[in-house]
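K.L.:
Contents are mmCIF, C-alpha atoms (C1' of nucleotides); file name start01.cif:
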```cif
data_run
loop_
_atom_site.group_PDB
_atom_site.id
_atom_site.type_symbol
_atom_site.label_atom_id
_atom_site.label_comp_id
_atom_site.auth_asym_id
_atom_site.auth_seq_id
_atom_site.Cartn_x
_atom_site.Cartn_y
_atom_site.Cartn_z
ATOM 1 C CA MET A 23 140.993 116.612 96.284
ATOM 2 C CA LYS A 24 137.676 115.972 97.946
ATOM 3 C CA THR A 25 137.906 115.402 101.682
ATOM 4 C CA LYS A 26 136.727 111.973 102.743
ATOM 5 C CA ALA A 27 133.484 112.013 104.684
ATOM 6 C CA GLU A 28 133.594 110.605 108.172
ATOM 7 C CA VAL A 29 131.519 107.502 108.715
ATOM 8 C CA PRO A 30 130.456 106.574 112.253
ATOM 9 C CA ILE A 31 131.667 103.165 113.330
ATOM 10 C CA GLU A 32 128.076 102.005 113.862
ATOM 11 C CA LYS A 33 127.466 102.497 110.155
ATOM 12 C CA ALA A 34 130.866 101.457 108.849
ATOM 13 C CA ALA A 35 130.984 98.070 110.573
ATOM 14 C CA PRO A 36 127.814 96.627 108.974
ATOM 15 C CA ILE A 37 128.824 97.617 105.451
ATOM 16 C CA LEU A 38 132.300 96.173 105.967
ATOM 17 C CA LYS A 39 130.718 92.982 107.227
ATOM 18 C CA LEU A 40 128.538 92.894 104.135
ATOM 19 C CA LEU A 41 131.541 93.390 101.862
ATOM 20 C CA GLY A 42 133.565 90.932 103.904
ATOM 21 C CA ASP A 43 132.129 88.174 101.764
ATOM 22 C CA LYS A 44 134.045 87.210 98.651
ATOM 23 C CA THR A 45 130.945 86.915 96.505
ATOM 24 C CA ARG A 46 129.469 90.259 97.516
ATOM 25 C CA LEU A 47 132.795 92.041 97.324
ATOM 26 C CA THR A 48 133.285 90.720 93.790
ATOM 27 C CA MET A 49 129.755 91.808 92.958
ATOM 28 C CA VAL A 50 130.350 95.424 93.885
ATOM 29 C CA ALA A 51 133.682 95.359 92.073
ATOM 30 C CA LEU A 52 131.860 94.114 88.980
ATOM 31 C CA LEU A 53 129.192 96.769 89.374
ATOM 32 C CA ALA A 54 131.933 99.388 89.417
ATOM 33 C CA GLU A 55 132.338 98.518 85.728
ATOM 34 C CA GLY A 56 128.640 99.089 85.038
ATOM 35 C CA GLU A 57 125.268 97.528 85.726
ATOM 36 C CA CYS A 58 124.755 93.785 85.721
ATOM 37 C CA CYS A 59 121.696 91.593 85.846
ATOM 38 C CA VAL A 60 121.138 88.540 87.991
ATOM 39 C CA CYS A 61 121.700 86.012 85.243
ATOM 40 C CA GLU A 62 125.123 87.500 84.572
ATOM 41 C CA PHE A 63 126.118 87.056 88.192
ATOM 42 C CA THR A 64 124.727 83.543 88.073
ATOM 43 C CA GLU A 65 126.965 82.882 85.094
ATOM 44 C CA ILE A 66 130.044 84.397 86.725
ATOM 45 C CA PHE A 67 129.759 82.819 90.161
ATOM 46 C CA ASN A 68 129.584 79.083 90.418
ATOM 47 C CA MET A 69 126.553 79.277 92.610
ATOM 48 C CA SER A 70 122.795 78.781 92.484
ATOM 49 C CA GLN A 71 120.521 81.578 91.321
ATOM 50 C CA PRO A 72 118.740 81.893 94.688
ATOM 51 C CA SER A 73 122.076 82.361 96.392
ATOM 52 C CA ILE A 74 122.895 85.204 94.010
ATOM 53 C CA SER A 75 119.503 86.816 94.582
ATOM 54 C CA GLN A 76 119.984 86.607 98.336
ATOM 55 C CA HIS A 77 123.386 88.287 98.180
ATOM 56 C CA LEU A 78 121.946 91.033 96.018
ATOM 57 C CA ARG A 79 119.084 91.523 98.420
ATOM 58 C CA LYS A 80 121.492 92.075 101.274
ATOM 59 C CA LEU A 81 123.374 94.639 99.254
ATOM 60 C CA ARG A 82 120.115 96.334 98.320
ATOM 61 C CA ASP A 83 118.774 96.301 101.902
ATOM 62 C CA ALA A 84 121.965 98.029 102.974
ATOM 63 C CA GLY A 85 121.445 100.678 100.310
ATOM 64 C CA ALA A 86 124.644 99.710 98.537
ATOM 65 C CA VAL A 87 123.014 98.821 95.229
ATOM 66 C CA LEU A 88 119.922 99.793 93.266
ATOM 67 C CA GLU A 89 117.735 97.419 91.323
ATOM 68 C CA GLU A 90 115.679 98.166 88.255
ATOM 69 C CA ARG A 91 113.499 95.785 86.365
ATOM 70 C CA ARG A 92 113.628 96.000 82.573
ATOM 71 C CA GLY A 93 111.469 93.421 80.931
ATOM 72 C CA GLN A 94 112.321 90.007 82.283
ATOM 73 C CA TRP A 95 115.645 91.175 83.632
ATOM 74 C CA VAL A 96 116.504 92.962 86.841
ATOM 75 C CA PHE A 97 119.580 95.149 86.576
ATOM 76 C CA TYR A 98 121.670 96.062 89.547
ATOM 77 C CA SER A 99 123.950 99.056 89.882
ATOM 78 C CA LEU A 100 126.017 100.748 92.576
ATOM 79 C CA ASN A 101 123.974 103.277 94.540
ATOM 80 C CA LYS A 102 126.154 106.348 94.236
ATOM 81 C CA GLU A 103 123.682 108.407 96.238
ATOM 82 C CA ASN A 104 124.136 106.240 99.296
ATOM 83 C CA GLU A 105 125.854 107.928 102.202
ATOM 84 C CA LEU A 106 128.269 105.022 102.426
ATOM 85 C CA TYR A 107 129.177 105.099 98.741
ATOM 86 C CA PRO A 108 132.440 107.008 99.309
ATOM 87 C CA LEU A 109 133.569 104.263 101.661
ATOM 88 C CA VAL A 110 132.541 101.552 99.219
ATOM 89 C CA GLU A 111 134.187 103.365 96.342
ATOM 90 C CA SER A 112 137.448 103.775 98.230
ATOM 91 C CA LEU A 113 137.470 100.049 98.878
ATOM 92 C CA ILE A 114 136.727 99.125 95.289
ATOM 93 C CA SER A 115 139.524 101.403 94.149
ATOM 94 C CA GLN A 116 141.963 99.158 95.974
ATOM 95 C CA LEU A 117 140.728 95.988 94.296
ATOM 96 C CA PRO A 118 141.815 94.643 90.923
ATOM 97 C CA SER A 119 139.508 95.455 88.033
ATOM 98 C CA GLN A 120 136.923 92.792 87.333
ATOM 99 C CA LYS A 121 136.561 93.869 83.722
ATOM 100 C CA GLU A 122 137.951 90.568 82.521
ATOM 101 C CA LYS A 123 135.095 88.570 83.990
ATOM 102 C CA LEU A 124 132.656 90.687 81.998
ATOM 103 C CA GLU A 125 134.694 90.307 78.834
ATOM 104 C CA ASP A 126 134.602 86.540 79.315
ATOM 105 C CA LEU A 127 130.833 86.808 79.542
ATOM 106 C CA GLU A 128 130.706 88.728 76.284
ATOM 107 C CA ARG A 129 132.833 86.150 74.560
ATOM 108 C CA SER A 130 130.577 83.338 75.759
ATOM 109 C CA GLY A 131 127.562 85.284 74.511
ATOM 110 C CA ASN A 132 126.041 85.708 77.937
ATOM 111 C CA ARG A 133 126.337 89.432 78.411
ATOM 112 C CA ILE A 134 122.989 91.180 78.633
ATOM 113 C CA VAL A 135 122.944 94.683 77.197
ATOM 114 C CA TRP A 136 119.903 96.818 77.433
ATOM 115 C CA CYS A 137 118.474 96.699 73.974
ATOM 116 C CA GLY A 138 117.613 93.944 75.545
ATOM 117 C CA THR A 139 118.963 90.797 74.055
ATOM 118 C CA ARG A 140 121.894 88.609 74.707
ATOM 119 C CA ARG A 141 124.794 89.497 72.503
ATOM 120 C CA MET B 1 150.700 110.912 96.421
ATOM 121 C CA LYS B 2 151.461 107.258 96.888
ATOM 122 C CA THR B 3 149.544 104.947 94.587
ATOM 123 C CA LYS B 4 147.259 102.559 96.407
ATOM 124 C CA ALA B 5 148.382 98.966 96.251
ATOM 125 C CA GLU B 6 145.997 96.506 94.702
ATOM 126 C CA VAL B 7 144.660 93.848 97.035
ATOM 127 C CA PRO B 8 143.259 90.620 95.591
ATOM 128 C CA ILE B 9 139.642 90.000 96.530
ATOM 129 C CA GLU B 10 140.597 86.721 98.208
ATOM 130 C CA LYS B 11 142.686 88.692 100.686
ATOM 131 C CA ALA B 12 140.502 91.775 100.961
ATOM 132 C CA ALA B 13 137.274 89.960 101.863
ATOM 133 C CA PRO B 14 138.578 88.254 105.028
ATOM 134 C CA ILE B 15 140.057 91.453 106.443
ATOM 135 C CA LEU B 16 136.843 93.340 105.713
ATOM 136 C CA LYS B 17 134.890 90.615 107.441
ATOM 137 C CA LEU B 18 137.200 90.901 110.408
ATOM 138 C CA LEU B 19 136.730 94.661 110.552
ATOM 139 C CA GLY B 20 133.021 94.291 109.957
ATOM 140 C CA ASP B 21 132.576 93.871 113.676
ATOM 141 C CA LYS B 22 131.951 96.999 115.699
ATOM 142 C CA THR B 23 134.268 95.966 118.503
ATOM 143 C CA ARG B 24 137.199 95.060 116.261
ATOM 144 C CA LEU B 25 136.718 98.090 114.058
ATOM 145 C CA THR B 26 136.791 100.326 117.119
ATOM 146 C CA MET B 27 139.887 98.494 118.327
ATOM 147 C CA VAL B 28 141.870 99.253 115.197
ATOM 148 C CA ALA B 29 140.633 102.843 115.254
ATOM 149 C CA LEU B 30 141.891 103.105 118.847
ATOM 150 C CA LEU B 31 145.202 101.539 117.883
ATOM 151 C CA ALA B 32 145.591 104.189 115.204
ATOM 152 C CA GLU B 33 146.105 106.577 118.132
ATOM 153 C CA GLY B 34 148.830 104.397 119.615
ATOM 154 C CA GLU B 35 149.334 101.100 121.368
ATOM 155 C CA CYS B 36 146.855 99.791 123.899
ATOM 156 C CA CYS B 37 146.895 96.903 126.318
ATOM 157 C CA VAL B 38 144.160 94.389 126.938
ATOM 158 C CA CYS B 39 143.006 95.897 130.207
ATOM 159 C CA GLU B 40 142.430 99.219 128.478
ATOM 160 C CA PHE B 41 140.195 97.598 125.897
ATOM 161 C CA THR B 42 138.417 95.766 128.692
ATOM 162 C CA GLU B 43 137.774 99.113 130.340
ATOM 163 C CA ILE B 44 136.565 100.768 127.137
ATOM 164 C CA PHE B 45 134.268 98.024 125.861
ATOM 165 C CA ASN B 46 131.525 96.813 128.105
ATOM 166 C CA MET B 47 132.572 93.260 127.579
ATOM 167 C CA SER B 48 134.361 90.417 129.359
ATOM 168 C CA GLN B 49 138.137 90.132 129.259
ATOM 169 C CA PRO B 50 138.096 86.782 127.395
ATOM 170 C CA SER B 51 135.939 88.328 124.701
ATOM 171 C CA ILE B 52 138.462 91.129 124.258
ATOM 172 C CA SER B 53 141.335 88.642 124.100
ATOM 173 C CA GLN B 54 139.505 86.615 121.475
ATOM 174 C CA HIS B 55 138.903 89.635 119.288
ATOM 175 C CA LEU B 56 142.552 90.611 119.580
ATOM 176 C CA ARG B 57 143.618 87.106 118.687
ATOM 177 C CA LYS B 58 141.621 87.230 115.482
ATOM 178 C CA LEU B 59 143.213 90.536 114.573
ATOM 179 C CA ARG B 60 146.628 89.122 115.349
ATOM 180 C CA ASP B 61 146.045 85.893 113.426
ATOM 181 C CA ALA B 62 145.134 88.011 110.417
ATOM 182 C CA GLY B 63 148.372 89.943 110.794
ATOM 183 C CA ALA B 64 146.513 93.192 111.437
ATOM 184 C CA VAL B 65 148.011 93.804 114.867
ATOM 185 C CA LEU B 66 151.184 92.985 116.746
ATOM 186 C CA GLU B 67 151.390 91.983 120.376
ATOM 187 C CA GLU B 68 154.230 92.565 122.760
ATOM 188 C CA ARG B 69 154.382 91.543 126.364
ATOM 189 C CA ARG B 70 155.904 94.065 128.780
ATOM 190 C CA GLY B 71 155.799 92.831 132.308
ATOM 191 C CA GLN B 72 152.325 91.770 133.226
ATOM 192 C CA TRP B 73 150.787 93.668 130.332
ATOM 193 C CA VAL B 74 150.434 92.766 126.690
ATOM 194 C CA PHE B 75 150.441 95.754 124.384
ATOM 195 C CA TYR B 76 148.831 95.681 120.971
ATOM 196 C CA SER B 77 149.645 97.906 118.039
ATOM 197 C CA LEU B 78 148.745 98.166 114.371
ATOM 198 C CA ASN B 79 151.022 96.066 112.189
ATOM 199 C CA LYS B 80 152.184 98.635 109.682
ATOM 200 C CA GLU B 81 154.342 96.062 107.924
ATOM 201 C CA ASN B 82 151.346 93.946 107.016
ATOM 202 C CA GLU B 83 150.554 93.825 103.327
ATOM 203 C CA LEU B 84 146.958 94.756 104.115
ATOM 204 C CA TYR B 85 147.893 97.739 106.253
ATOM 205 C CA PRO B 86 147.256 100.279 103.466
ATOM 206 C CA LEU B 87 143.711 98.972 103.139
ATOM 207 C CA VAL B 88 143.196 99.065 106.897
ATOM 208 C CA GLU B 89 144.692 102.529 107.125
ATOM 209 C CA SER B 90 142.463 103.875 104.376
ATOM 210 C CA LEU B 91 139.450 102.554 106.244
ATOM 211 C CA ILE B 92 140.524 104.020 109.565
ATOM 212 C CA SER B 93 141.063 107.366 107.889
ATOM 213 C CA GLN B 94 137.348 107.470 107.130
ATOM 214 C CA LEU B 95 136.332 106.829 110.723
ATOM 215 C CA PRO B 96 135.977 109.398 113.482
ATOM 216 C CA SER B 97 138.946 109.718 115.812
ATOM 217 C CA GLN B 98 138.692 107.562 118.921
ATOM 218 C CA LYS B 99 141.036 109.821 120.871
ATOM 219 C CA GLU B 100 138.258 110.776 123.251
ATOM 220 C CA LYS B 101 137.843 107.253 124.536
ATOM 221 C CA LEU B 102 141.523 107.203 125.471
ATOM 222 C CA GLU B 103 141.268 110.591 127.147
ATOM 223 C CA ASP B 104 138.359 109.297 129.203
ATOM 224 C CA LEU B 105 140.598 106.419 130.265
ATOM 225 C CA GLU B 106 143.287 108.843 131.354
ATOM 226 C CA ARG B 107 140.817 110.857 133.386
ATOM 227 C CA SER B 108 139.563 107.744 135.140
ATOM 228 C CA GLY B 109 143.169 106.771 135.905
ATOM 229 C CA ASN B 110 143.059 103.601 133.853
ATOM 230 C CA ARG B 111 145.467 104.454 131.084
ATOM 231 C CA ILE B 112 148.536 102.257 131.073
ATOM 232 C CA VAL B 113 151.691 103.973 129.901
ATOM 233 C CA TRP B 114 154.885 102.118 129.519
ATOM 234 C CA CYS B 115 156.885 103.173 132.495
ATOM 235 C CA GLY B 116 154.748 100.849 133.450
ATOM 236 C CA THR B 117 152.215 102.034 135.922
ATOM 237 C CA ARG B 118 148.698 103.273 135.750
ATOM 238 C CA ARG B 119 148.555 106.999 135.650
ATOM 239 C "C1'" DT C 28 156.423 81.140 148.121
ATOM 240 C "C1'" DT C 29 152.232 83.054 148.228
ATOM 241 C "C1'" DG C 30 148.705 86.257 146.692
ATOM 242 C "C1'" DA C 31 147.109 89.375 143.318
ATOM 243 C "C1'" DC C 32 146.816 91.046 138.801
ATOM 244 C "C1'" DA C 33 146.872 90.607 133.628
ATOM 245 C "C1'" DT C 34 146.043 87.722 129.995
ATOM 246 C "C1'" DA C 35 144.986 83.431 127.433
ATOM 247 C "C1'" DT C 36 142.579 79.256 126.575
ATOM 248 C "C1'" DA C 37 138.798 75.866 126.922
ATOM 249 C "C1'" DA C 38 134.254 74.550 126.761
ATOM 250 C "C1'" DC C 39 129.685 75.721 125.970
ATOM 251 C "C1'" DT C 40 125.642 78.128 123.794
ATOM 252 C "C1'" DA C 41 122.547 81.089 121.187
ATOM 253 C "C1'" DT C 42 122.484 83.456 116.997
ATOM 254 C "C1'" DT C 43 123.733 84.409 112.411
ATOM 255 C "C1'" DT C 44 125.272 83.045 108.030
ATOM 256 C "C1'" DA C 45 125.549 81.137 103.461
ATOM 257 C "C1'" DC C 46 124.286 77.805 101.126
ATOM 258 C "C1'" DT C 47 120.846 74.237 99.257
ATOM 259 C "C1'" DT C 48 116.191 72.591 96.962
ATOM 260 C "C1'" DA C 49 111.496 73.543 96.042
ATOM 261 C "C1'" DT C 50 108.191 76.724 94.733
ATOM 262 C "C1'" DA C 51 106.086 81.255 93.613
ATOM 263 C "C1'" DT C 52 106.062 85.389 90.744
ATOM 264 C "C1'" DT C 53 106.579 88.069 86.676
ATOM 265 C "C1'" DA C 54 107.373 88.973 81.802
ATOM 266 C "C1'" DT C 55 107.815 87.527 77.136
ATOM 267 C "C1'" DA C 56 107.136 84.728 73.165
ATOM 268 C "C1'" DA C 57 105.108 80.925 70.537
ATOM 269 C "C1'" DT D 11 96.598 80.503 76.435
ATOM 270 C "C1'" DT D 12 100.522 78.133 77.417
ATOM 271 C "C1'" DA D 13 105.396 77.365 77.744
ATOM 272 C "C1'" DT D 14 109.663 79.285 78.917
ATOM 273 C "C1'" DA D 15 112.994 82.351 80.906
ATOM 274 C "C1'" DA D 16 114.414 85.427 84.724
ATOM 275 C "C1'" DT D 17 114.015 86.398 89.311
ATOM 276 C "C1'" DA D 18 112.367 86.118 94.149
ATOM 277 C "C1'" DT D 19 110.925 83.852 98.238
ATOM 278 C "C1'" DA D 20 110.436 80.005 101.538
ATOM 279 C "C1'" DA D 21 112.108 76.456 104.233
ATOM 280 C "C1'" DG D 22 115.664 73.698 105.894
ATOM 281 C "C1'" DT D 23 120.580 72.862 107.363
ATOM 282 C "C1'" DA D 24 125.524 72.808 108.408
ATOM 283 C "C1'" DA D 25 129.014 75.793 109.738
ATOM 284 C "C1'" DA D 26 130.722 79.984 111.623
ATOM 285 C "C1'" DT D 27 130.416 83.614 115.025
ATOM 286 C "C1'" DA D 28 130.485 86.227 119.306
ATOM 287 C "C1'" DG D 29 129.521 86.064 123.483
ATOM 288 C "C1'" DT D 30 129.530 83.666 128.195
ATOM 289 C "C1'" DT D 31 131.787 81.244 132.579
ATOM 290 C "C1'" DA D 32 135.486 78.543 134.362
ATOM 291 C "C1'" DT D 33 140.157 77.711 134.492
ATOM 292 C "C1'" DA D 34 145.064 77.907 133.196
ATOM 293 C "C1'" DT D 35 149.271 80.609 132.562
ATOM 294 C "C1'" DG D 36 152.550 84.132 133.406
ATOM 295 C "C1'" DT D 37 154.468 88.148 136.013
ATOM 296 C "C1'" DC D 38 155.338 90.765 139.902
ATOM 297 C "C1'" DA D 39 155.587 92.179 144.691
ATOM 298 C "C1'" DA D 40 155.207 91.364 149.579
#
```
Using structure tokens, write down the structure from this file.

P.N.:
Amino acid sequence: MKTKAEVPIEKAAPILKLLGDKTRLTMVALLAEGECCVCEFTEIFNMSQPSISQHLRKLRDAGAVLEERRGQWVFYSLNKENELYPLVESLISQLPSQKEKLEDLERSGNRIVWCGTRR
Amino acid sequence: MKTKAEVPIEKAAPILKLLGDKTRLTMVALLAEGECCVCEFTEIFNMSQPSISQHLRKLRDAGAVLEERRGQWVFYSLNKENELYPLVESLISQLPSQKEKLEDLERSGNRIVWCGTRR
DNA sequence: TTGACATATAACTATTTACTTATATTATAA
DNA sequence: TTATAATATAAGTAAATAGTTATATGTCAA
């Protein structure tokens, strides 16, 4: 088993604070299932699109997620290269899977897959 | 190896928020080494005594720590019975040991041990 | 019972936070 | 081109946060 890396408290506290928000914590748990684009989050959370974008920006500024534009969509994914990823991953592993929320999206025809149309 | 318990996001987010503060995160890391009383925290953190008490109250209200009065002192300890303890413990395990801070206290004669005098 | 120490609470304040609405930007499609 | 869809940014606001100082409470010892 891989030994857990030590994270200085000065770095751990800000990422915990960031994930100490229900919306952002759910976001990273969703991203653990695979990449998502903004409109999917907007569909999942009962919240305005700017609010979603602002949460994602915070996650990106902290290095927790990566963004990649593809056509009109911007896809977000967990940044596994980030030095804090092991900490984030260990947290996610203790949360319930959010797969269901994505399956609901699929059923309602609002899941974006990169081919790149709604399906 | 014990399987990690799943923690609903509604419960995980608030405790992460609580620990997303450098002072409180350091407090729980210190408590992982053993119980501490308020005056020890006051000595360790460059911060007023009311501020320390307020942080400890938040940790207590969340069920993360226990308090026990012994004479004029109030000792705090990690609440290992709390349902969120496994999550807290897994976080602490990724932080550097805070033993040194306690050893500094001992050297400066400000460590309280329950016998109950300063040593 | 009085003084000193340890801790908690109250009241206040500056800062941060998480939303909102309005608007700008960017890409695609008609 | 122009309209539309997806996303980002700006500006404003109410609520939460973390600190402060002042004061109250509780314990012990002289």

K.L.:
Residues of chain A were defined as contacting chain D if any atom lay at most 10 Å from it, counting only C-alpha atoms (C1' of nucleotides); please report them as a list in words.

P.N.:
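Using only C-alpha atoms (C1' of nucleotides), chain A residues at most 10 Å from chain D: Cys59, Val60, Cys61, Gln71, Pro72, Ser75, Gln76, Arg79, Arg91, Gly93, Gln94, Trp95 and Val96 of chain A.
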
K.L.:
Would you translate the PyMOL selection byres ((chain B) within 8 of (chain A)) into the concrete set of residues it matches in this file, as a list in words?

P.N.:
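With the shown file as input, the PyMOL selection byres ((chain B) within 8 of (chain A)) matches Lys4, Ala5, Glu6, Val7, Pro8, Ile9, Glu10, Ala12, Ala13, Pro14, Ile15, Leu16, Lys17, Leu18, Leu19, Gly20, Asp21, Lys22, Leu25, Thr26, Leu87, Ser90, Leu91, Gln94, Leu95 and Pro96 of chain B.
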
K.L.:
Quick check on the file I pasted: which residues fall under the PyMOL selection byres ((chain A and resi 99) around 7)? Write them as a PyMOL selection string.

P.N.:
chain A and resi 53+56-58+87-89+97-98+100-101

K.L.:
Expanded to explicit residues, what is the PyMOL selection byres ((chain C) within 9 of (chain A)) for this file, as a PDB file with C-alpha atoms (C1' of nucleotides), keeping the file's coordinate frame?

P.N.:
```
ATOM      1  C1'  DA C  45     125.549  81.137 103.461  1.00  0.00           C
ATOM      2  C1'  DC C  46     124.286  77.805 101.126  1.00  0.00           C
ATOM      3  C1'  DT C  47     120.846  74.237  99.257  1.00  0.00           C
ATOM      4  C1'  DT C  53     106.579  88.069  86.676  1.00  0.00           C
ATOM      5  C1'  DA C  54     107.373  88.973  81.802  1.00  0.00           C
ATOM      6  C1'  DT C  55     107.815  87.527  77.136  1.00  0.00           C
TER       7       DT C  55
END
```

K.L.:
Could you work out an axis-aligned bounding box for all listed atoms of stretch 22-37 of chain D, with 8 Å added on each of the six sides, and give its centre and edge lengths in Å to one decimal, as JSON?

P.N.:
```
{"center_x": 135.1, "center_y": 80.5, "center_z": 121.0, "size_x": 54.8, "size_y": 31.3, "size_z": 46.1}
```

K.L.:
Could you check how far atom C1' of C:DT36 sits from atom CA of B:Asp61, in Å to one decimal?

P.N.:
15.1 Å

K.L.:
So the first atom is atom CA of A:Glu62 and the second is atom CA of A:Arg133; what is the distance between them in Å, to one decimal place?

P.N.:
6.6 Å
